[in-house]
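**Q** The following file, work_20.txt, comprises compact mmCIF, C-alpha atoms:
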# COMPACT_ATOMS: atom_id res chain seq x y z
CA MET A 61 -326.48 92.68 -48.67
CA ALA A 62 -323.17 91.10 -47.67
CA ALA A 63 -321.93 87.65 -48.48
CA GLY A 64 -318.80 85.56 -48.41
CA VAL A 65 -317.39 83.37 -51.14
CA GLU A 66 -315.52 80.10 -50.97
CA SER A 67 -312.07 80.05 -52.52
CA GLY A 68 -308.51 78.90 -52.10
CA VAL A 69 -307.37 82.28 -50.81
CA THR A 70 -307.88 84.24 -47.63
CA ILE A 71 -311.26 85.95 -47.76
CA ASP A 72 -312.75 88.81 -45.81
CA THR A 73 -316.11 89.83 -47.24
CA ALA A 74 -318.00 90.26 -50.46
CA ARG A 75 -320.53 92.97 -51.19
CA VAL A 76 -323.49 92.20 -53.45
CA THR A 77 -325.29 94.99 -55.29
CA ILE A 78 -328.23 94.87 -57.70
CA ASP A 79 -327.74 96.60 -61.06
CA THR A 80 -331.33 97.25 -62.20
CA ALA A 81 -330.11 98.87 -65.43
CA ARG A 82 -328.76 95.54 -66.69
CA VAL A 83 -330.66 92.34 -67.42
CA GLY A 84 -329.38 88.79 -67.01
CA PRO A 85 -329.96 85.79 -69.30
CA GLN A 86 -333.31 85.05 -67.69
CA GLY A 87 -334.51 88.66 -67.70
CA GLN A 88 -333.64 89.40 -64.06
CA PRO A 89 -331.52 92.32 -62.79
CA VAL A 90 -327.77 91.58 -62.68
CA ARG A 91 -326.19 91.06 -59.26
CA VAL A 92 -322.62 92.36 -58.96
CA VAL A 93 -320.50 90.51 -56.37
CA GLU A 94 -317.42 92.42 -55.24
CA ALA A 95 -315.19 89.87 -53.49
CA TYR A 96 -312.70 91.36 -51.06
CA VAL A 97 -309.63 89.10 -50.94
CA GLN A 98 -306.00 89.17 -49.91
CA PRO A 99 -303.63 89.94 -52.82
CA TYR A 100 -302.96 86.29 -53.68
CA GLY A 101 -305.26 85.94 -56.68
CA PRO A 102 -308.92 85.91 -57.74
CA PRO A 103 -311.51 83.71 -56.02
CA GLN A 104 -312.34 80.31 -57.47
CA TRP A 105 -315.83 79.14 -56.61
CA SER A 106 -317.54 76.01 -57.92
CA GLY A 107 -320.88 77.77 -58.34
CA ARG A 108 -319.56 80.61 -60.45
CA ALA A 109 -320.79 79.22 -63.79
CA LEU A 110 -324.24 78.74 -62.31
CA ASP A 111 -324.22 82.32 -61.05
CA GLU A 112 -323.29 83.63 -64.49
CA ALA A 113 -326.34 81.85 -65.88
CA ARG A 114 -328.42 83.59 -63.21
CA GLY A 115 -327.04 87.00 -64.05
CA VAL A 116 -324.32 87.38 -61.44
CA GLU A 117 -321.15 89.28 -62.26
CA TRP A 118 -318.00 88.83 -60.18
CA LYS A 119 -315.48 91.58 -59.43
CA VAL A 120 -312.31 91.02 -57.38
CA VAL A 121 -311.34 93.83 -55.02
CA GLN A 122 -307.87 93.61 -53.48
CA ARG A 123 -307.75 94.16 -49.72
CA GLU A 124 -304.90 95.75 -47.81
CA GLN A 125 -302.96 93.14 -45.85
CA VAL A 126 -302.40 93.90 -42.14
CA ALA A 127 -299.84 92.13 -39.97
CA ASN A 128 -300.92 90.46 -36.73
CA PRO A 129 -300.81 93.11 -33.94
CA ALA A 130 -301.54 90.66 -31.11
CA PRO A 131 -297.88 89.88 -30.22
CA LEU A 132 -297.12 93.59 -29.77
CA GLY A 133 -300.02 94.06 -27.38
CA LEU A 134 -299.24 90.89 -25.43
CA LEU A 135 -295.54 91.70 -25.12
CA GLY A 136 -296.28 95.24 -23.90
CA PHE A 137 -298.81 93.97 -21.39
CA GLY A 138 -296.57 91.15 -20.14
CA TYR A 139 -293.44 93.29 -19.84
CA THR A 140 -295.10 96.07 -17.87
CA THR A 141 -296.94 93.61 -15.63
CA ALA A 142 -293.74 91.72 -14.81
CA LEU A 143 -291.80 94.92 -14.15
CA LEU A 144 -294.42 96.17 -11.68
CA GLN A 145 -294.43 92.86 -9.79
CA GLY A 146 -290.70 93.25 -9.09
CA TRP A 147 -291.52 95.64 -6.25
CA ASN A 148 -294.65 93.78 -5.12
CA THR A 149 -292.70 90.54 -4.66
CA GLY A 150 -289.67 92.21 -3.10
CA ILE A 151 -287.36 91.15 -5.93
CA THR A 152 -286.50 94.79 -6.66
CA GLU A 153 -286.55 98.09 -4.75
CA GLN A 154 -289.67 100.23 -4.35
CA SER A 155 -288.06 102.80 -6.63
CA THR A 156 -288.65 100.32 -9.48
CA ASN A 157 -291.98 102.14 -9.87
CA ASN A 158 -290.01 105.01 -11.43
CA ILE A 159 -289.08 102.67 -14.28
CA VAL A 160 -292.60 101.24 -14.49
CA LEU A 161 -294.02 104.73 -15.03
CA GLY A 162 -292.48 105.19 -18.48
CA TYR A 163 -293.22 101.69 -19.70
CA ALA A 164 -296.80 101.83 -18.38
CA MET A 165 -297.41 104.96 -20.42
CA PHE A 166 -295.86 103.80 -23.68
CA TYR A 167 -295.16 100.05 -23.97
CA GLY A 168 -297.96 98.73 -21.78
CA GLY A 169 -300.25 101.67 -22.59
CA LEU A 170 -299.82 103.30 -25.98
CA ALA A 171 -298.52 100.17 -27.73
CA GLN A 172 -301.54 98.15 -26.54
CA VAL A 173 -303.97 100.86 -27.64
CA LEU A 174 -302.36 100.88 -31.08
CA ALA A 175 -302.57 97.07 -31.21
CA GLY A 176 -306.26 97.39 -30.36
CA MET A 177 -306.78 99.85 -33.20
CA TRP A 178 -305.17 97.43 -35.66
CA GLU A 179 -307.37 94.64 -34.34
CA PHE A 180 -310.33 96.83 -35.31
CA LYS A 181 -308.82 96.97 -38.80
CA ARG A 182 -308.57 93.17 -38.84
CA GLN A 183 -312.21 92.98 -37.66
CA ASN A 184 -311.24 91.09 -34.49
CA THR A 185 -313.70 92.53 -31.97
CA PHE A 186 -312.30 90.57 -29.01
CA GLY A 187 -308.70 91.61 -29.61
CA ALA A 188 -309.68 95.23 -30.24
CA ALA A 189 -311.70 95.50 -27.03
CA ALA A 190 -309.11 93.69 -24.88
CA PHE A 191 -305.96 95.47 -26.07
CA THR A 192 -307.56 98.90 -26.03
CA SER A 193 -308.99 98.36 -22.54
CA TYR A 194 -305.76 97.17 -20.93
CA GLY A 195 -303.74 99.80 -22.78
CA CYS A 196 -305.95 102.44 -21.23
CA PHE A 197 -305.56 100.72 -17.84
CA TRP A 198 -301.78 101.10 -17.96
CA MET A 199 -301.98 104.69 -19.18
CA GLY A 200 -304.36 105.47 -16.31
CA PHE A 201 -301.98 103.73 -13.88
CA ALA A 202 -299.13 105.92 -15.15
CA LEU A 203 -301.23 109.04 -14.64
CA PHE A 204 -301.95 107.99 -11.03
CA GLN A 205 -298.21 107.75 -10.41
CA ILE A 206 -297.57 111.14 -12.01
CA PHE A 207 -300.28 112.78 -9.92
CA ALA A 208 -298.82 111.22 -6.77
CA LYS A 209 -295.43 112.79 -7.57
CA VAL A 210 -296.55 116.29 -8.59
CA ILE A 211 -299.64 116.86 -6.41
CA PRO A 212 -298.85 117.17 -2.68
CA GLY A 213 -300.96 114.84 -0.55
CA TYR A 214 -302.43 113.00 -3.55
CA ALA A 215 -303.44 109.40 -2.82
CA LEU A 216 -306.06 106.95 -4.01
CA PRO A 217 -308.95 106.53 -1.55
CA TYR A 218 -308.93 103.15 0.21
CA TYR A 219 -312.37 101.93 -0.85
CA GLY A 220 -312.08 103.68 -4.21
CA GLU A 221 -308.94 101.69 -5.04
CA LYS A 222 -310.67 98.48 -3.98
CA MET A 223 -313.61 99.20 -6.27
CA PHE A 224 -311.30 100.26 -9.10
CA LEU A 225 -309.44 96.92 -8.99
CA ALA A 226 -312.57 94.82 -8.44
CA LEU A 227 -314.26 96.35 -11.49
CA TRP A 228 -311.24 95.44 -13.61
CA GLY A 229 -311.52 91.92 -12.24
CA ILE A 230 -315.15 91.70 -13.36
CA LEU A 231 -314.28 93.08 -16.80
CA THR A 232 -311.43 90.58 -17.16
CA PHE A 233 -313.63 87.68 -16.13
CA THR A 234 -316.05 88.70 -18.89
CA PHE A 235 -313.21 88.49 -21.40
CA SER A 236 -312.28 85.05 -20.05
CA VAL A 237 -315.75 83.75 -20.94
CA ALA A 238 -315.16 84.74 -24.58
CA THR A 239 -311.82 82.89 -24.64
CA LEU A 240 -313.62 79.58 -24.10
CA THR A 241 -314.16 79.57 -27.87
CA LEU A 242 -310.52 80.42 -28.72
CA ASN A 243 -307.74 78.52 -26.94
CA PHE A 244 -306.65 77.27 -23.52
CA ALA A 245 -303.61 79.56 -23.20
CA LEU A 246 -305.72 82.67 -23.71
CA TRP A 247 -308.33 81.44 -21.22
CA LEU A 248 -305.57 80.78 -18.68
CA LEU A 249 -304.25 84.31 -19.19
CA PHE A 250 -307.57 86.02 -18.59
CA ILE A 251 -308.80 83.84 -15.75
CA SER A 252 -305.48 84.26 -13.88
CA LEU A 253 -305.52 88.01 -14.59
CA ALA A 254 -309.06 88.27 -13.23
CA THR A 255 -307.91 86.42 -10.10
CA LEU A 256 -304.96 88.83 -9.82
CA TYR A 257 -307.25 91.86 -9.87
CA PHE A 258 -309.49 90.39 -7.16
CA VAL A 259 -306.46 89.51 -4.99
CA LEU A 260 -305.09 93.03 -5.44
CA ALA A 261 -308.48 94.48 -4.51
CA GLY A 262 -308.41 92.48 -1.28
CA SER A 263 -304.82 93.39 -0.46
CA VAL A 264 -304.89 97.17 -0.81
CA ALA A 265 -303.63 97.68 2.76
CA SER A 266 -301.76 94.37 3.20
CA LEU A 267 -298.14 94.16 2.06
CA ASP A 268 -297.98 90.40 2.67
CA ALA A 269 -301.04 89.72 0.50
CA ARG A 270 -299.69 92.09 -2.15
CA ALA A 271 -296.49 90.04 -2.28
CA GLY A 272 -298.55 86.94 -3.06
CA ALA A 273 -300.38 88.90 -5.74
CA GLY A 274 -297.00 89.88 -7.16
CA TRP A 275 -296.01 86.27 -7.78
CA LEU A 276 -299.37 85.65 -9.44
CA GLY A 277 -298.71 88.72 -11.59
CA LEU A 278 -295.40 87.24 -12.75
CA PHE A 279 -297.28 84.10 -13.80
CA VAL A 280 -299.78 86.22 -15.75
CA ALA A 281 -296.94 88.04 -17.51
CA GLY A 282 -295.32 84.71 -18.40
CA VAL A 283 -298.52 83.38 -19.98
CA ALA A 284 -298.92 86.61 -22.00
CA TRP A 285 -295.37 86.30 -23.31
CA TYR A 286 -295.88 82.64 -24.16
CA ILE A 287 -298.91 83.48 -26.34
CA ALA A 288 -296.98 86.32 -28.01
CA ALA A 289 -294.02 84.01 -28.64
CA ALA A 290 -296.36 81.35 -30.07
CA ASP A 291 -297.86 83.88 -32.49
CA ILE A 292 -294.45 85.10 -33.68
CA ILE A 293 -292.62 81.76 -33.84
CA ASN A 294 -295.49 79.75 -35.33
CA GLU A 295 -295.99 82.37 -38.04
CA ASN A 296 -292.34 82.37 -39.05
CA TYR A 297 -291.95 78.59 -38.97
CA LYS A 298 -295.27 78.12 -40.79
CA ARG A 299 -296.09 75.32 -38.36
CA THR A 300 -297.05 74.91 -34.71
CA VAL A 301 -293.92 75.11 -32.57
CA LEU A 302 -295.63 76.44 -29.42
CA PRO A 303 -299.19 75.06 -29.12
CA LEU A 304 -301.94 77.21 -27.64
CA GLY A 305 -304.49 74.47 -27.04
CA LYS A 306 -307.19 75.55 -29.48
CA TRP A 307 -310.65 74.53 -28.32
CA SER A 308 -314.32 75.44 -28.49
CA VAL A 309 -315.59 74.20 -25.13
CA GLY A 310 -317.53 77.43 -24.69
CA VAL A 311 -320.11 76.41 -27.30
CA LYS A 312 -320.76 73.07 -25.60
CA MET A 313 -320.91 74.73 -22.17
CA PHE A 314 -323.41 77.31 -23.41
CA ARG A 315 -325.63 74.65 -24.97
CA ALA A 316 -325.66 72.72 -21.69
CA PHE A 317 -326.38 75.91 -19.73
CA LYS A 318 -329.17 76.83 -22.12
CA ARG A 319 -330.81 73.41 -21.74
CA ILE A 320 -330.61 73.50 -17.94
CA PHE A 321 -331.55 77.16 -17.48
CA GLY A 322 -334.39 76.79 -20.00
CA LYS A 323 -336.18 74.44 -17.61
CA ILE A 324 -336.72 77.23 -15.08
CA PRO A 325 -340.29 78.56 -15.39
CA LEU A 326 -340.79 82.08 -16.72
CA ILE A 327 -337.21 83.37 -16.44
CA GLY A 328 -335.60 80.39 -18.17
CA TRP A 329 -338.32 80.17 -20.82
CA ALA A 330 -338.05 83.90 -21.56
CA TYR A 331 -334.26 83.65 -21.76
CA VAL A 332 -334.30 80.76 -24.26
CA LYS A 333 -337.01 82.41 -26.34
CA ALA A 334 -335.05 85.68 -26.45
CA CYS A 335 -331.85 83.85 -27.45
CA ASN A 336 -333.60 81.93 -30.24
CA ARG A 337 -335.31 85.06 -31.55
CA GLU A 338 -332.10 87.11 -31.64
CA ASP A 339 -330.19 84.19 -33.21
CA ARG A 340 -332.73 84.12 -36.05
CA LEU A 341 -332.55 87.89 -36.55
CA ALA A 342 -328.74 87.91 -36.45
CA GLY A 343 -328.39 84.98 -38.85
CA TYR A 344 -326.56 82.76 -36.37
CA VAL A 345 -329.02 79.95 -37.15
CA VAL A 346 -331.14 78.65 -39.99
CA GLU A 347 -334.87 78.39 -39.35
CA HIS A 348 -336.44 75.45 -41.15
CA ARG A 349 -340.21 75.49 -41.39
CA LYS A 350 -341.81 72.05 -41.29
CA VAL A 351 -344.96 70.35 -40.08
CA ASP A 352 -344.92 69.09 -36.50
CA ASP A 353 -345.52 65.37 -36.86
CA ARG A 354 -343.83 64.29 -33.63
CA PRO A 355 -345.57 63.71 -30.29
CA SER A 356 -344.70 66.26 -27.64
CA ILE A 357 -344.39 66.04 -23.89
CA ILE A 358 -347.78 67.63 -23.33
CA GLY A 359 -349.79 65.99 -26.09
CA PRO A 360 -350.08 64.49 -29.58
CA PRO A 361 -348.63 66.07 -32.74
CA SER A 362 -350.22 69.44 -33.42
CA GLY A 363 -349.88 69.36 -37.21
CA LYS A 364 -348.84 73.01 -37.13
CA VAL A 365 -345.91 74.53 -38.97
CA VAL A 366 -343.07 74.96 -36.51
CA GLY A 367 -339.54 76.38 -36.68
CA ASP A 368 -336.55 74.11 -36.19
CA LEU A 369 -333.43 76.06 -35.26
CA GLU A 370 -330.14 74.73 -36.56
CA GLY A 371 -326.69 76.28 -36.60
CA GLY A 372 -325.82 77.53 -40.07
CA ALA A 373 -323.41 74.78 -41.11
CA THR A 374 -325.40 72.08 -39.31
CA GLY A 375 -328.62 73.28 -40.88
CA ALA A 376 -327.15 73.15 -44.36
CA VAL A 377 -325.90 69.59 -43.86
CA ALA A 378 -329.24 68.45 -42.44
CA HIS A 379 -331.06 70.04 -45.36
CA ALA A 380 -328.73 68.34 -47.87
CA ARG A 381 -329.33 64.97 -46.18
CA GLY A 382 -333.05 65.42 -46.61
CA ASP A 383 -333.73 65.49 -42.87
CA LEU A 384 -335.53 68.82 -43.34
CA ASP A 385 -338.01 69.94 -45.94
CA ASP A 386 -337.40 72.34 -48.80
CA SER A 387 -339.35 75.26 -47.36
CA ALA A 388 -336.34 76.56 -45.45
CA VAL A 389 -336.14 80.22 -44.52
CA TYR A 390 -332.61 81.58 -44.52
CA PRO A 391 -332.34 84.85 -42.55
CA ARG A 392 -329.98 87.69 -43.41
CA ALA A 393 -326.26 87.22 -42.82
CA TYR A 394 -324.89 88.71 -39.63
CA GLN A 395 -321.80 90.59 -40.74
CA LEU A 396 -319.06 90.35 -38.12
CA HIS A 397 -316.02 89.08 -39.98
CA SER A 398 -317.25 87.47 -43.18
CA SER A 399 -320.09 85.24 -44.21
CA ASP A 400 -321.08 82.45 -46.54
CA SER A 401 -324.64 83.69 -46.92
CA ILE A 402 -324.38 83.52 -50.70
CA LEU A 403 -324.80 79.77 -50.20
CA PRO A 404 -328.13 78.47 -48.84
CA GLY A 405 -327.70 77.62 -45.18
CA GLY A 406 -324.42 79.51 -44.96
CA PHE A 407 -323.13 80.93 -41.69
CA GLU A 408 -320.53 83.63 -41.12
CA GLY A 409 -318.58 81.35 -38.78
CA ASP A 410 -317.81 78.99 -41.67
CA ALA A 411 -315.88 81.65 -43.53
CA VAL A 412 -314.05 82.71 -40.39
CA ARG A 413 -312.95 79.17 -39.59
CA ARG A 414 -311.90 78.53 -43.19
CA GLN A 415 -309.93 81.76 -43.25
CA ALA A 416 -308.16 80.79 -40.04
CA ARG A 417 -307.13 77.49 -41.64
CA GLN A 418 -305.96 79.05 -44.90
CA ALA A 419 -304.35 82.24 -43.67
CA ASP A 420 -300.57 82.37 -43.56
CA VAL A 421 -300.77 84.71 -40.57
CA GLY A 422 -302.74 83.34 -37.63
CA SER A 423 -303.43 84.89 -34.25
CA GLY A 424 -303.62 83.42 -30.78
CA ILE A 425 -306.02 86.10 -29.62
CA GLY A 426 -308.73 85.90 -32.25
CA PRO A 427 -310.09 84.22 -35.35
CA TYR A 428 -307.39 85.61 -37.68
Starting from the file, give its structure as structure tokens.
**A**
Amino acid sequence: MAAGVESGVTIDTARVTIDTARVGPQGQPVRVVEAYVQPYGPPQWSGRALDEARGVEWKVVQREQVANPAPLGLLGFGYTTALLQGWNTGITEQSTNNIVLGYAMFYGGLAQVLAGMWEFKRQNTFGAAAFTSYGCFWMGFALFQIFAKVIPGYALPYYGEKMFLALWGILTFTFSVATLTLNFALWLLFISLATLYFVLAGSVASLDARAGAGWLGLFVAGVAWYIAAADIINENYKRTVLPLGKWSVGVKMFRAFKRIFGKIPLIGWAYVKACNREDRLAGYVVEHRKVDDRPSIIGPPSGKVVGDLEGGATGAVAHARGDLDDSAVYPRAYQLHSSDSILPGGFEGDAVRRQARQADVGSGIGPY
């Protein structure tokens, strides 16, 4: 079982184990809570005394602190992208590709892959997937250039290159959907990069169209560098000098989509039912069981026990207000970053958002 704890320090996760060999004040087995925290001090939680009465023992486990790798990945990506567009736009000679080759392999490639590995360490799934993917893209691009120089007659097939670029456009658009819950600058980066890939796919044999794509590529590189600069400067100044436009419009957009799509017979109903079921299993929501005493669209109140799905934090507030009954069922915590499941109605997103507010080191490309 995993749980998060509330404190005045940056928190990752806490692991709860049951010690059946020991007995608490009320005769129950002792629960040992190992709280993983940054090395700033032990956790302070208002419910600790109550837990001690229930037979809960707290242990503080120091966690290794990892610097924010996002600026490194963004700088490597932006630099290599801008350098390549020098030839596409006609600003530099075609032989500029000889310079791009080395930077694509190491700064745009290897450095991004390493940044992705450190994002795994920081438990930032989005950053890990994005940096690793685009690092591999640049390393693959460098290999294409090497093969073209050492293998006589080597060239990418016309339709193969189109498909190769279009697939990267689709992948990038997928990433852009995730950024709707992060910040505007990151969304702008990924949506413009997806557009760049599609324009490049359509301009494989057109030098004029490729020149237009080159200017778009310079814009993409500029946005990437802006986000990297914001991460570095804001961290050192301990205040927002370069804003990123933090937002969460994706949640509202998804709720609207879910309401509209759910009205479609069969497909929409099945989609909504599947989403609700997996949300309950994952712990994204709290299921409150209560008696249906409200009239429905198709008839009078059924009097049956029904499930009312609420987001974790919202569900806890509604329960505290008395809007919902006491027979609430709290599913297991879904362990992505950290969770507050030790509290009734807790949700892992609460701990992530609190950590983002309290952490000295933030990130423009993820929750940390």
**Q** Can you pull out the residues contacting Leu276 (chain A)? Cut-off 9 Å, using all atoms listed in the file, and skip same-chain residues under 2 positions away; I want them as a list in words.
**A**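 Close residues of Leu276 (chain A): Gln145, Ser252, Leu253, Thr255, Leu256, Ala271, Gly272, Ala273, Gly274, Leu278, Phe279, Val280 and Ala281 of chain A.
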**Q** Mind giving me the straight-line distance from CA of Ala175 (chain A) to CA of Ala288 (chain A) in Å, one decimal?
**A**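 These atoms are spaced 12.5 Å apart.
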**Q** Point out the residue among A:Phe258, A:Tyr331, A:Tyr297, A:Phe201 with the least atom-to-atom distance to Leu225 (chain A), counting all atoms listed in the file.
**A**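 Looking at the shortest contact to Leu225 (chain A), the residue is A:Phe258.
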**Q** What is the CA of Ala127 (chain A) to CA of Phe186 (chain A) distance in Å?
**A**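 Separating CA of Ala127 (chain A) from CA of Phe186 (chain A) is a distance of 16.7 Å.
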**Q** At what distance in Å, to one decimal, does CA of Arg270 (chain A) lie from CA of Asn148 (chain A)?
**A**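 So the two atoms, CA of Asn148 (chain A) and CA of Arg270 (chain A), lie 6.1 Å apart.
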**Q** Point out the residue among A:Gly213, A:Gly187, A:Gly262, A:Gly277 with the least atom-to-atom distance to Leu144 (chain A), counting all atoms listed in the file.
**A**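 Looking only at the distances to Leu144 (chain A), the closest residue turns out to be A:Gly277.
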**Q** From the list A:Phe180, A:Trp147, A:Trp275, A:Tyr139, which residue is nearest Val259 (chain A) when using only C-alpha atoms?
**A**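 Among the listed residues, the smallest separation from Val259 (chain A) belongs to A:Trp275.
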